[in-house]
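Reading through the structure tokens given below for one structure.
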Amino acid sequence: MLVLDILFYTFIVVVCVQFIYYGLIFPRFAFSKSKRNTKKKIPISILICAKNEAENLKQFLPYILEQKYSDFEVILINDASKDNTLEVMKSFKAKHDNVKIVDVKPIEAFWGSKKYALTLGIKAASHNFLLFTDADCKPLSKYWIKEMSSCFTNSKTLVLGYGAYKKQKYSLVNTIIRFETLMTAIQYFSYAKIGIPYMGVGRNLAYRKETFFNANGFMNHMNVRSGDDDLFVNQVATSKNTAICFTKNSITKSLPEPNFKAWFNQKKRHVSTAKHYKLKHKFLLGLFYLSQLLFWSLSIILISLLFQWKIVISLFILRILIQYVSVGISAKKLNELDTIFILPFLDLFLVFSQLVIFISNLVSKPNHWK
């Protein structure tokens with residue numbers, strides 16, 4: 001009985017921690033309103049780093065070039081592609097005066113490093129304001145540049161946007177991917193709202209060129225294979241210089257990984273960068289994940305043994321309801337409401353799949369970005 005008593009009281013503490021996250025921290029984004037920023041006409045450089053992305057460039061680059069914005073250039077970075085990516089880039093450059101190509105040749109010191117290619121692209125950019133996306137990304141509006149650029153001010157030099165994934169009907173893997181993306185966004189938007197920004201996604205991210213060079217670019221983590229987006233944001237973001245943009249016109253949408261194995265390998269790369277975050281960020285993220293893991297583990301154990309089951313079930317239901325409210329409002333804000341219909345299952349699945357990813361990363365290191 002002593003063991004069960006310890007598990008029961010641990011469960012109560014864990015639920016209290018979960019209430020702090022779902023009831024206090026995450027609602028800061030869920031109940032926030034998007035500010036109507038004054039639209040600016042600052043010149044923008046769009047940077048797209050592509051490695052073997054010929055078909056995606058053909059499909060999605062026109063959406064970038066058709067943006068309703070007065071002054072922007074598109075920097076296409078060919079990162080040592082083996083397909084006809086460079087030829088596709090040249091075909092776009094021949095038709096558009098605002099397209100610039102940076103052809104990156106592989107060198108041994110930075111083999112497989114997207115950061116090296118991006119650095120060359122940033123150096124080639126003509127403008128001080130930089131907006132990043134991927135070759136497989138589609139802005140959901142012709143006013144994407146306008147919305148993201150409107151968040152820049154004299155003090156706000158870093159803008160975090162939302163990069164969604166395309167919905168695929170009747171696909172559980174797709175729902176899992178989009179739910180995980182939603183939860184990640186809820187966290188980095190919420191932490192930014194409380195003055196502790198810690199990451200952003202390269203599918204939709206903007207910052208000043210001078211911000212990049214003042215921080216010595218990616219030099220502090222050039223040896224880390226991934227993290228050109230989140231590690232850089234983790235390095236330079238502060239409560240004063242970071243803005244978030246989540247209007248419907250500011251969202252981009254990408255092609256999701258086609259199957260669970262591909263997504264699993266992608267998450268291995270992403271998770272491997274978290275150990276390089278600042279200590280306070282690792283503590284907050286680690287505490288949240290640990291509370292998630294213990295919540296589900298202890299719930300299953302205590303309910304299956306019928307130990308204090310009325311209290312356990314009551315707290316379990318209360319926590320699920322608070323999670324539904326917090327995550328649901330955010331999901332509606334980001335147009336991902338359909339992902340929460342089976343929220344408990346998705347939550348449980350992500351908790352234990354992340355545990356498998358952590359263990360897998362201890363056994364084998366994730367590959368480079370392409």
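Letters A, B, ... mark the chains of the structure tokens in the order given; residue numbers begin at 1 per chain; ligand numbers begin at 1, in order shown.
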
Neighbour list for Pro139 of chain A as a ChimeraX atom specification, cut-off 7 Å, only C-alpha atoms, skip fewer than 4 positions in-chain: /A:63,144,251-253

Those of segment 115-313 of chain A in DSSP strand (DSSP E or B), formatted as a count of residues only: 25

Val201 of chain A environment, 9 Å, only C-alpha atoms, sequence neighbours closer than 6 positions dropped, as a ChimeraX atom specification: /A:133,160-163,185,228-230,233

Residues from last step as file, N, CA and C atoms, as a JSON list (two decimals), in the first residue's frame:
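Result file selection.json:
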```
[["chain", "number", "residue", "atom", "x", "y", "z"],
["A", 133, "THR", "N", 11.60, 30.27, -45.66],
["A", 133, "THR", "CA", 10.64, 29.19, -45.83],
["A", 133, "THR", "C", 11.35, 28.05, -46.55],
["A", 160, "LEU", "N", 8.30, 35.04, -35.29],
["A", 160, "LEU", "CA", 8.00, 33.61, -35.33],
["A", 160, "LEU", "C", 6.64, 33.41, -36.00],
["A", 161, "GLY", "N", 6.61, 32.62, -37.05],
["A", 161, "GLY", "CA", 5.36, 32.32, -37.75],
["A", 161, "GLY", "C", 4.96, 30.87, -37.55],
["A", 162, "TYR", "N", 3.84, 30.50, -38.15],
["A", 162, "TYR", "CA", 3.36, 29.12, -38.05],
["A", 162, "TYR", "C", 3.49, 28.43, -39.39],
["A", 163, "GLY", "N", 4.14, 27.26, -39.37],
["A", 163, "GLY", "CA", 4.27, 26.45, -40.57],
["A", 163, "GLY", "C", 3.46, 25.18, -40.42],
["A", 185, "ALA", "N", 3.79, 24.37, -31.85],
["A", 185, "ALA", "CA", 3.49, 25.79, -32.06],
["A", 185, "ALA", "C", 2.86, 26.40, -30.81],
["A", 228, "ASP", "N", 19.12, 25.02, -37.71],
["A", 228, "ASP", "CA", 19.30, 26.32, -38.34],
["A", 228, "ASP", "C", 18.18, 27.27, -37.96],
["A", 229, "ASP", "N", 17.05, 26.72, -37.52],
["A", 229, "ASP", "CA", 15.93, 27.56, -37.10],
["A", 229, "ASP", "C", 15.83, 27.63, -35.57],
["A", 230, "ASP", "N", 15.57, 26.50, -34.92],
["A", 230, "ASP", "CA", 15.31, 26.55, -33.48],
["A", 230, "ASP", "C", 16.54, 26.90, -32.65],
["A", 233, "VAL", "N", 17.15, 30.68, -33.06],
["A", 233, "VAL", "CA", 16.16, 31.43, -32.28],
["A", 233, "VAL", "C", 16.46, 31.29, -30.80]]
```

Could you check the closest approach to Ser150 of chain A for each of A:Leu130, A:Ile311, A:Ile6, A:Ile42 and tell me which residue wins, using only C-alpha atoms? A:Ile42

Identify which of the residues A:Leu205, A:Lys114, A:Arg178, A:Ser171 lies closest to Phe152 of chain A, counting only C-alpha atoms when measuring atom-to-atom distances.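 Going through A:Leu205, A:Lys114, A:Arg178, A:Ser171 one by one, the smallest distance to Phe152 of chain A is for A:Leu205.
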
Closest-contact table, segment 209-255 of chain A side, partner segment 259-271 of chain A, 9 Å, counting only C-alpha atoms, as JSON lines:
```
{"residue": "A:Arg225", "atom": "CA", "partner": "A:Arg269", "partner_atom": "CA", "distance": 8.0}
{"residue": "A:Ser226", "atom": "CA", "partner": "A:Arg269", "partner_atom": "CA", "distance": 6.5}
{"residue": "A:Gly227", "atom": "CA", "partner": "A:His270", "partner_atom": "CA", "distance": 7.4}
{"residue": "A:Asp230", "atom": "CA", "partner": "A:His270", "partner_atom": "CA", "distance": 8.9}
```

Taking the chain letters and numbering used in this document, name the residues of segment 141-219 of chain A that DSSP puts in helix (DSSP H, G or I), as a VMD selection string. chain A and resid 144 to 149 172 to 193 209 to 214 219

When you look at Leu7 of chain A with a cut-off of 12 Å (counting only C-alpha atoms), what residues show up, excluding the ones that are within fewer than 3 positions of it in the same chain? I need them as number ranges by chain. A: 1-4, 10-14, 294-295, 297-303, 305, 307-308, 312

For atom CA of Gln292 of chain A and atom CA of Ser32 of chain A, quote the distance in Å rounded to one decimal. 24.3 Å

Calculated over only C-alpha atoms, which of the candidates A:Phe60, A:Tyr22, A:Phe218, A:Phe358 has the smallest distance to Ile48 of chain A? A:Phe60
